[in-house]
>>> print(open('start-v2.pdb').read())   # PDB, C-alpha atoms
ATOM      1  CA  MET G  24     -39.004  -0.806 -11.458
ATOM      2  CA  PRO G  25     -42.487  -2.112 -10.938
ATOM      3  CA  ASP G  26     -45.305  -1.069 -13.185
ATOM      4  CA  SER G  27     -46.791   2.104 -11.724
ATOM      5  CA  GLY G  28     -50.080   0.305 -11.273
ATOM      6  CA  ALA G  29     -48.556  -2.752  -9.637
ATOM      7  CA  ALA G  30     -49.140  -3.603  -6.025
ATOM      8  CA  GLY G  31     -46.366  -2.403  -3.748
ATOM      9  CA  ALA G  32     -45.103   0.266  -6.144
ATOM     10  CA  ALA G  33     -45.455   2.880  -3.427
ATOM     11  CA  GLY G  34     -42.838   1.140  -1.302
ATOM     12  CA  PRO G  35     -42.995  -0.182   2.231
ATOM     13  CA  ALA G  36     -44.929   2.768   3.636
ATOM     14  CA  GLY G  37     -47.624   2.183   1.040
ATOM     15  CA  VAL G  38     -48.047  -1.515   1.716
ATOM     16  CA  ALA G  39     -51.658  -2.474   2.179
ATOM     17  CA  GLY G  40     -52.417  -3.323   5.766
ATOM     18  CA  GLY G  41     -50.008  -0.810   7.285
ATOM     19  CA  SER G  42     -47.135  -1.860   9.510
ATOM     20  CA  ALA G  43     -45.693  -5.322   9.490
ATOM     21  CA  PRO G  44     -46.570  -7.547  12.403
ATOM     22  CA  SER G  45     -42.860  -7.631  13.203
ATOM     23  CA  GLY G  46     -42.686  -3.837  13.354
ATOM     24  CA  VAL G  47     -39.416  -3.778  11.369
ATOM     25  CA  ALA G  48     -39.363  -0.515   9.406
ATOM     26  CA  GLY G  49     -42.936  -0.967   8.181
ATOM     27  CA  LEU G  50     -42.154  -4.050   6.109
ATOM     28  CA  ASP G  51     -44.790  -6.723   5.610
ATOM     29  CA  ALA G  52     -43.994 -10.403   6.166
ATOM     30  CA  SER G  53     -42.964 -11.024   2.553
ATOM     31  CA  GLN G  54     -40.667  -8.001   2.411
ATOM     32  CA  LEU G  55     -39.166  -8.926   5.765
ATOM     33  CA  GLY G  56     -38.513 -12.452   4.518
ATOM     34  CA  TYR G  57     -36.577 -11.084   1.549
ATOM     35  CA  ALA G  58     -34.667  -8.712   3.829
ATOM     36  CA  ARG G  59     -33.738 -11.677   6.047
ATOM     37  CA  THR G  60     -32.500 -13.554   2.983
ATOM     38  CA  ILE G  61     -30.339 -10.592   1.954
ATOM     39  CA  VAL G  62     -28.878 -10.198   5.451
ATOM     40  CA  GLY G  63     -28.282 -13.949   5.622
ATOM     41  CA  GLU G  64     -26.281 -13.884   2.385
ATOM     42  CA  VAL G  65     -24.229 -10.919   3.614
ATOM     43  CA  ARG G  66     -23.480 -12.682   6.895
ATOM     44  CA  ALA G  67     -22.653 -15.984   5.136
ATOM     45  CA  ARG G  68     -19.952 -14.157   3.195
ATOM     46  CA  GLY G  69     -18.592 -12.499   6.307
ATOM     47  CA  LEU G  70     -19.288  -9.050   4.879
ATOM     48  CA  PRO G  71     -19.922  -6.019   7.051
ATOM     49  CA  ALA G  72     -23.437  -4.775   7.720
ATOM     50  CA  GLN G  73     -22.836  -1.988   5.193
ATOM     51  CA  ALA G  74     -23.181  -4.548   2.390
ATOM     52  CA  ALA G  75     -26.652  -5.403   3.683
ATOM     53  CA  VAL G  76     -27.551  -1.707   3.827
ATOM     54  CA  ASN G  77     -26.489  -1.343   0.196
ATOM     55  CA  ALA G  78     -28.375  -4.432  -0.941
ATOM     56  CA  ILE G  79     -31.560  -3.618   0.962
ATOM     57  CA  SER G  80     -31.618   0.035  -0.091
ATOM     58  CA  THR G  81     -31.224  -1.106  -3.687
ATOM     59  CA  ALA G  82     -33.973  -3.719  -3.424
ATOM     60  CA  LEU G  83     -36.276  -1.174  -1.775
ATOM     61  CA  GLN G  84     -35.717   1.293  -4.608
ATOM     62  CA  GLU G  85     -35.868  -1.212  -7.414
ATOM     63  CA  SER G  86     -38.774  -3.407  -6.274
ATOM     64  CA  SER G  87     -40.015  -2.343  -2.830
ATOM     65  CA  LEU G  88     -38.504  -5.674  -1.708
ATOM     66  CA  ARG G  89     -40.920  -7.590  -3.945
ATOM     67  CA  MET G  90     -40.180 -10.395  -6.386
ATOM     68  CA  TYR G  91     -41.371  -8.744  -9.610
ATOM     69  CA  TRP G  92     -41.821 -10.717 -12.800
ATOM     70  CA  ASN G  93     -41.997  -9.079 -16.227
ATOM     71  CA  PRO G  94     -44.245 -10.019 -19.166
ATOM     72  CA  LYS G  95     -41.301  -9.348 -21.536
ATOM     73  CA  VAL G  96     -39.140 -11.926 -19.745
ATOM     74  CA  ALA G  97     -40.120 -15.478 -20.637
ATOM     75  CA  GLY G  98     -40.376 -17.762 -17.631
ATOM     76  CA  SER G  99     -40.360 -15.035 -15.007
ATOM     77  CA  GLN G 100     -44.065 -15.301 -14.176
ATOM     78  CA  ALA G 101     -43.752 -19.002 -13.368
ATOM     79  CA  LEU G 102     -40.986 -18.153 -10.873
ATOM     80  CA  ALA G 103     -42.892 -15.342  -9.137
ATOM     81  CA  PRO G 104     -44.433 -16.180  -5.767
ATOM     82  CA  ASP G 105     -46.922 -13.311  -6.196
ATOM     83  CA  PRO G 106     -48.538 -13.182  -9.659
ATOM     84  CA  SER G 107     -49.755  -9.632  -9.002
ATOM     85  CA  ALA G 108     -46.168  -8.351  -8.668
ATOM     86  CA  VAL G 109     -45.741  -7.327 -12.303
ATOM     87  CA  GLY G 110     -42.869  -5.115 -13.418
ATOM     88  CA  ALA G 111     -42.512  -3.391 -16.749
ATOM     89  CA  ASP G 112     -39.041  -1.830 -16.853
ATOM     90  CA  GLY G 113     -37.102  -3.141 -19.826
ATOM     91  CA  TYR G 114     -36.211  -6.769 -19.213
ATOM     92  CA  SER G 115     -35.788  -6.382 -15.446
ATOM     93  CA  VAL G 116     -36.987  -8.956 -12.934
ATOM     94  CA  GLY G 117     -36.668  -9.869  -9.284
ATOM     95  CA  LEU G 118     -35.811  -8.018  -6.093
ATOM     96  CA  PHE G 119     -33.018  -6.009  -7.676
ATOM     97  CA  GLN G 120     -34.714  -5.571 -11.059
ATOM     98  CA  GLN G 121     -31.760  -7.254 -12.725
ATOM     99  CA  GLN G 122     -31.725  -7.164 -16.533
ATOM    100  CA  VAL G 123     -32.131 -10.494 -18.304
ATOM    101  CA  ASN G 124     -32.647 -10.228 -22.044
ATOM    102  CA  GLY G 125     -32.459 -13.081 -24.508
ATOM    103  CA  ALA G 126     -28.962 -14.520 -24.751
ATOM    104  CA  GLN G 127     -27.513 -11.466 -22.997
ATOM    105  CA  PHE G 128     -27.905 -12.345 -19.348
ATOM    106  CA  SER G 129     -25.954  -9.499 -17.818
ATOM    107  CA  TRP G 130     -27.287 -10.585 -14.423
ATOM    108  CA  GLY G 131     -27.396 -14.326 -14.984
ATOM    109  CA  SER G 132     -30.405 -16.329 -16.051
ATOM    110  CA  VAL G 133     -34.058 -15.539 -15.402
ATOM    111  CA  ALA G 134     -34.017 -18.185 -12.686
ATOM    112  CA  ASP G 135     -30.947 -16.523 -11.119
ATOM    113  CA  ALA G 136     -32.544 -13.087 -11.033
ATOM    114  CA  MET G 137     -35.824 -14.491  -9.703
ATOM    115  CA  ASP G 138     -34.113 -16.388  -6.870
ATOM    116  CA  PRO G 139     -33.616 -14.144  -3.825
ATOM    117  CA  ARG G 140     -30.399 -15.841  -2.684
ATOM    118  CA  THR G 141     -28.780 -15.994  -6.110
ATOM    119  CA  SER G 142     -29.779 -12.445  -7.047
ATOM    120  CA  THR G 143     -28.396 -11.192  -3.726
ATOM    121  CA  ARG G 144     -25.131 -13.029  -4.396
ATOM    122  CA  MET G 145     -24.924 -11.435  -7.855
ATOM    123  CA  PHE G 146     -25.521  -7.987  -6.345
ATOM    124  CA  LEU G 147     -22.875  -8.597  -3.666
ATOM    125  CA  ASP G 148     -20.375  -9.873  -6.252
ATOM    126  CA  ARG G 149     -20.654  -6.594  -8.134
ATOM    127  CA  LEU G 150     -20.705  -4.448  -4.997
ATOM    128  CA  THR G 151     -17.584  -5.984  -3.482
ATOM    129  CA  ALA G 152     -15.716  -5.712  -6.791
ATOM    130  CA  ILE G 153     -15.926  -1.899  -6.558
ATOM    131  CA  PRO G 154     -12.730  -0.505  -5.033
ATOM    132  CA  GLY G 155     -13.536   1.436  -1.872
ATOM    133  CA  TRP G 156     -17.247   0.584  -1.839
ATOM    134  CA  GLN G 157     -17.320   0.550   1.968
ATOM    135  CA  GLY G 158     -16.306   4.210   2.105
ATOM    136  CA  MET G 159     -18.732   5.345  -0.583
ATOM    137  CA  SER G 160     -22.126   6.840   0.087
ATOM    138  CA  VAL G 161     -24.971   4.359  -0.237
ATOM    139  CA  THR G 162     -26.179   6.196  -3.317
ATOM    140  CA  ALA G 163     -22.784   6.119  -5.036
ATOM    141  CA  ALA G 164     -22.163   2.437  -4.280
ATOM    142  CA  ASP G 165     -25.684   1.357  -5.253
ATOM    143  CA  GLN G 166     -25.485   3.337  -8.471
ATOM    144  CA  ALA G 167     -22.097   1.843  -9.313
ATOM    145  CA  VAL G 168     -23.690  -1.603  -9.116
ATOM    146  CA  GLN G 169     -27.075  -0.904 -10.695
ATOM    147  CA  ARG G 170     -26.480   1.999 -13.106
ATOM    148  CA  SER G 171     -29.982   3.361 -12.607
ATOM    149  CA  ALA G 172     -31.576   6.152 -14.609
ATOM    150  CA  TYR G 173     -32.421   7.648 -11.193
ATOM    151  CA  PRO G 174     -29.129   7.427  -9.275
ATOM    152  CA  GLU G 175     -30.138   9.720  -6.413
ATOM    153  CA  ALA G 176     -33.231   7.645  -5.615
ATOM    154  CA  TYR G 177     -31.262   5.157  -3.494
ATOM    155  CA  ALA G 178     -30.640   7.803  -0.818
ATOM    156  CA  ARG G 179     -34.356   7.851  -0.013
ATOM    157  CA  TRP G 180     -34.141   4.259   1.225
ATOM    158  CA  GLU G 181     -30.958   4.459   3.284
ATOM    159  CA  PRO G 182     -32.691   5.191   6.641
ATOM    160  CA  THR G 183     -35.132   2.307   6.133
ATOM    161  CA  ALA G 184     -32.334  -0.031   5.068
ATOM    162  CA  ARG G 185     -30.277   0.928   8.123
ATOM    163  CA  ALA G 186     -33.270   0.255  10.410
ATOM    164  CA  VAL G 187     -33.858  -3.139   8.811
ATOM    165  CA  VAL G 188     -30.195  -4.101   9.067
ATOM    166  CA  ALA G 189     -30.041  -2.936  12.697
ATOM    167  CA  ALA G 190     -32.968  -5.246  13.473
ATOM    168  CA  LEU G 191     -31.751  -8.251  11.470
ATOM    169  CA  TYR G 192     -27.955  -8.155  11.777
ATOM    170  CA  PRO G 193     -27.134  -8.644  15.483
ATOM    171  CA  GLY G 194     -24.008  -6.837  16.528
ATOM    172  CA  ALA G 195     -23.964  -4.615  13.443
ATOM    173  CA  ALA G 196     -22.726  -1.116  14.083
TER
END
>>> encode(input="start-v2.pdb", output="structure tokens")
Amino acid sequence: MPDSGAAGAAGPAGVAGGSAPSGVAGLDASQLGYARTIVGEVRARGLPAQAAVNAISTALQESSLRMYWNPKVAGSQALAPDPSAVGADGYSVGLFQQQVNGAQFSWGSVADAMDPRTSTRMFLDRLTAIPGWQGMSVTAADQAVQRSAYPEAYARWEPTARAVVAALYPGAA
């Protein structure tokens, strides 16, 4: 999670400047770019739109669809496109706030977690390994991947994620 004083911590509705020029669920251009990357990775794998809903709802909860770096994670600041996007939760970095700590890279390397395509692939690998994930609630599936201290928080982002996916994933149900 981002530092409570960090820019964007309030989520898409609290983004400075109001609605995105694109009008997609109130996301700004940067957030929308990351959402497009996520949807692109889902589509490249031939996964259903539900995978994009899960990934976007998770990224909204974990980082407000921002690429957060963390002062405790060496090298993360150099990989952050926005130096003001500072997170402070454990050793979490990136869109999904994936844990990278020393030699224990449970989510890959710092570079992996700070790369939107690679971090999305890592999220999707774990999501699709869960038996029955497509029939689970967004909250249950997201929690099974992330193991958050706030498991119910993902539900808050489901409507926004569905709106984003509806706009970015043509033909999605």
>>> closest_atom_pairs(input="start-v2.pdb", of="range 33-110 of chain G", to="range 170-189 of chain G", cutoff="12 Å", atoms="all atoms listed in the file", output="JSON lines")
{"residue": "G:Gly34", "atom": "CA", "partner": "G:Trp180", "partner_atom": "CA", "distance": 9.6}
{"residue": "G:Pro35", "atom": "CA", "partner": "G:Thr183", "partner_atom": "CA", "distance": 9.1}
{"residue": "G:Ala36", "atom": "CA", "partner": "G:Thr183", "partner_atom": "CA", "distance": 10.1}
{"residue": "G:Ser45", "atom": "CA", "partner": "G:Val187", "partner_atom": "CA", "distance": 11.0}
{"residue": "G:Gly46", "atom": "CA", "partner": "G:Val187", "partner_atom": "CA", "distance": 10.0}
{"residue": "G:Val47", "atom": "CA", "partner": "G:Val187", "partner_atom": "CA", "distance": 6.2}
{"residue": "G:Ala48", "atom": "CA", "partner": "G:Thr183", "partner_atom": "CA", "distance": 6.0}
{"residue": "G:Gly49", "atom": "CA", "partner": "G:Thr183", "partner_atom": "CA", "distance": 8.7}
{"residue": "G:Leu50", "atom": "CA", "partner": "G:Val187", "partner_atom": "CA", "distance": 8.8}
{"residue": "G:Asp51", "atom": "CA", "partner": "G:Val187", "partner_atom": "CA", "distance": 11.9}
{"residue": "G:Gln54", "atom": "CA", "partner": "G:Val187", "partner_atom": "CA", "distance": 10.5}
{"residue": "G:Leu55", "atom": "CA", "partner": "G:Val187", "partner_atom": "CA", "distance": 8.4}
{"residue": "G:Gly56", "atom": "CA", "partner": "G:Val187", "partner_atom": "CA", "distance": 11.3}
{"residue": "G:Tyr57", "atom": "CA", "partner": "G:Val187", "partner_atom": "CA", "distance": 11.1}
{"residue": "G:Ala58", "atom": "CA", "partner": "G:Val187", "partner_atom": "CA", "distance": 7.5}
{"residue": "G:Arg59", "atom": "CA", "partner": "G:Val188", "partner_atom": "CA", "distance": 8.9}
{"residue": "G:Thr60", "atom": "CA", "partner": "G:Val188", "partner_atom": "CA", "distance": 11.5}
{"residue": "G:Ile61", "atom": "CA", "partner": "G:Val188", "partner_atom": "CA", "distance": 9.6}
{"residue": "G:Val62", "atom": "CA", "partner": "G:Val188", "partner_atom": "CA", "distance": 7.2}
{"residue": "G:Gly63", "atom": "CA", "partner": "G:Val188", "partner_atom": "CA", "distance": 10.6}
{"residue": "G:Val65", "atom": "CA", "partner": "G:Val188", "partner_atom": "CA", "distance": 10.6}
{"residue": "G:Arg66", "atom": "CA", "partner": "G:Val188", "partner_atom": "CA", "distance": 11.1}
{"residue": "G:Pro71", "atom": "CA", "partner": "G:Val188", "partner_atom": "CA", "distance": 10.6}
{"residue": "G:Ala72", "atom": "CA", "partner": "G:Val188", "partner_atom": "CA", "distance": 6.9}
{"residue": "G:Gln73", "atom": "CA", "partner": "G:Arg185", "partner_atom": "CA", "distance": 8.5}
{"residue": "G:Ala74", "atom": "CA", "partner": "G:Val188", "partner_atom": "CA", "distance": 9.7}
{"residue": "G:Ala75", "atom": "CA", "partner": "G:Val188", "partner_atom": "CA", "distance": 6.6}
{"residue": "G:Val76", "atom": "CA", "partner": "G:Ala184", "partner_atom": "CA", "distance": 5.2}
{"residue": "G:Asn77", "atom": "CA", "partner": "G:Ala184", "partner_atom": "CA", "distance": 7.7}
{"residue": "G:Ala78", "atom": "CA", "partner": "G:Ala184", "partner_atom": "CA", "distance": 8.4}
{"residue": "G:Ile79", "atom": "CA", "partner": "G:Ala184", "partner_atom": "CA", "distance": 5.5}
{"residue": "G:Ser80", "atom": "CA", "partner": "G:Trp180", "partner_atom": "CA", "distance": 5.1}
{"residue": "G:Thr81", "atom": "CA", "partner": "G:Tyr177", "partner_atom": "CA", "distance": 6.3}
{"residue": "G:Ala82", "atom": "CA", "partner": "G:Trp180", "partner_atom": "CA", "distance": 9.2}
{"residue": "G:Leu83", "atom": "CA", "partner": "G:Trp180", "partner_atom": "CA", "distance": 6.6}
{"residue": "G:Gln84", "atom": "CA", "partner": "G:Tyr177", "partner_atom": "CA", "distance": 6.0}
{"residue": "G:Glu85", "atom": "CA", "partner": "G:Tyr177", "partner_atom": "CA", "distance": 8.8}
{"residue": "G:Ser86", "atom": "CA", "partner": "G:Trp180", "partner_atom": "CA", "distance": 11.7}
{"residue": "G:Ser87", "atom": "CA", "partner": "G:Trp180", "partner_atom": "CA", "distance": 9.7}
{"residue": "G:Leu88", "atom": "CA", "partner": "G:Ala184", "partner_atom": "CA", "distance": 10.8}
>>> resolve_selection(input="start-v2.pdb", expression="the PyMOL selection byres ((chain G and resi 131) around 12)", output="PyMOL selection string")
chain G and resi 115-117+121-130+132-138+141-146
>>> axis_aligned_box(input="start-v2.pdb", around="range 113-117 of chain G", padding_each_side="8 Å", output="lines of an AutoDock Vina configuration file")
center_x = -36.4
center_y = -6.5
center_z = -14.6
size_x = 17.3
size_y = 22.7
size_z = 26.5
>>> atom_distance(input="start-v2.pdb", atom1="CA of Val109 in chain G", atom2="CA of Asn93 in chain G")
5.7 Å
>>> resolve_selection(input="start-v2.pdb", expression="the PyMOL selection byres ((chain G and resi 94) around 10)", output="PyMOL selection string")
chain G and resi 92-93+95-100+109-116
>>> closest_residue(input="start-v2.pdb", among="G:Ala164, G:Leu102, G:Ala108, G:Met159", to="Ser53 in chain G", atoms="only C-alpha atoms")
G:Ala108
>>> atom_distance(input="start-v2.pdb", atom1="CA of Leu147 in chain G", atom2="CA of Glu64 in chain G")
8.7 Å
>>> atom_distance(input="start-v2.pdb", atom1="CA of Ile153 in chain G", atom2="CA of Leu70 in chain G")
13.9 Å
>>> decode(input="start-v2.pdb", residues="range 72-83 of chain G", atoms="all heavy atoms", output="compact mmCIF listing (two decimals), in the first residue's frame")
# COMPACT_ATOMS: atom_id res chain seq x y z
N ALA G 72 -12.15 -11.93 -19.71
CA ALA G 72 -12.15 -10.58 -19.14
C ALA G 72 -12.12 -10.61 -17.61
O ALA G 72 -11.60 -9.68 -16.99
CB ALA G 72 -13.37 -9.80 -19.62
N GLN G 73 -12.65 -11.67 -17.01
CA GLN G 73 -12.65 -11.76 -15.55
C GLN G 73 -11.24 -11.67 -14.98
O GLN G 73 -11.03 -11.10 -13.91
CB GLN G 73 -13.32 -13.06 -15.08
CG GLN G 73 -13.45 -13.17 -13.57
CD GLN G 73 -14.27 -12.04 -12.96
OE1 GLN G 73 -15.31 -11.64 -13.49
NE2 GLN G 73 -13.81 -11.50 -11.84
N ALA G 74 -10.25 -12.19 -15.68
CA ALA G 74 -8.87 -12.09 -15.21
C ALA G 74 -8.42 -10.64 -15.15
O ALA G 74 -7.71 -10.23 -14.22
CB ALA G 74 -7.94 -12.91 -16.11
N ALA G 75 -8.86 -9.85 -16.12
CA ALA G 75 -8.53 -8.42 -16.11
C ALA G 75 -9.24 -7.71 -14.97
O ALA G 75 -8.66 -6.83 -14.31
CB ALA G 75 -8.89 -7.78 -17.45
N VAL G 76 -10.48 -8.09 -14.69
CA VAL G 76 -11.20 -7.50 -13.56
C VAL G 76 -10.45 -7.80 -12.27
O VAL G 76 -10.24 -6.90 -11.44
CB VAL G 76 -12.66 -8.03 -13.48
CG1 VAL G 76 -13.33 -7.59 -12.18
CG2 VAL G 76 -13.46 -7.55 -14.70
N ASN G 77 -10.01 -9.04 -12.10
CA ASN G 77 -9.26 -9.40 -10.89
C ASN G 77 -7.96 -8.61 -10.79
O ASN G 77 -7.63 -8.07 -9.73
CB ASN G 77 -8.97 -10.89 -10.85
CG ASN G 77 -10.20 -11.71 -10.54
OD1 ASN G 77 -10.75 -12.33 -11.44
ND2 ASN G 77 -10.63 -11.72 -9.31
N ALA G 78 -7.22 -8.53 -11.87
CA ALA G 78 -5.93 -7.84 -11.84
C ALA G 78 -6.11 -6.34 -11.60
O ALA G 78 -5.39 -5.74 -10.80
CB ALA G 78 -5.17 -8.10 -13.13
N ILE G 79 -7.07 -5.74 -12.26
CA ILE G 79 -7.27 -4.29 -12.10
C ILE G 79 -7.83 -3.97 -10.72
O ILE G 79 -7.38 -3.00 -10.09
CB ILE G 79 -8.13 -3.73 -13.24
CG1 ILE G 79 -7.31 -3.78 -14.54
CG2 ILE G 79 -8.60 -2.31 -12.93
CD1 ILE G 79 -8.07 -3.42 -15.79
N SER G 80 -8.75 -4.76 -10.22
CA SER G 80 -9.26 -4.48 -8.87
C SER G 80 -8.15 -4.60 -7.83
O SER G 80 -8.07 -3.82 -6.88
CB SER G 80 -10.45 -5.38 -8.51
OG SER G 80 -10.08 -6.74 -8.48
N THR G 81 -7.26 -5.56 -8.04
CA THR G 81 -6.13 -5.72 -7.13
C THR G 81 -5.19 -4.52 -7.22
O THR G 81 -4.79 -3.95 -6.21
CB THR G 81 -5.37 -7.02 -7.42
OG1 THR G 81 -6.25 -8.12 -7.18
CG2 THR G 81 -4.14 -7.16 -6.54
N ALA G 82 -4.84 -4.13 -8.43
CA ALA G 82 -3.93 -2.99 -8.60
C ALA G 82 -4.55 -1.70 -8.08
O ALA G 82 -3.85 -0.85 -7.52
CB ALA G 82 -3.53 -2.85 -10.07
N LEU G 83 -5.85 -1.54 -8.23
CA LEU G 83 -6.52 -0.35 -7.66
C LEU G 83 -6.42 -0.34 -6.14
O LEU G 83 -6.12 0.69 -5.54
CB LEU G 83 -7.98 -0.30 -8.10
CG LEU G 83 -8.23 0.16 -9.53
CD1 LEU G 83 -9.66 -0.16 -9.95
CD2 LEU G 83 -7.95 1.66 -9.67
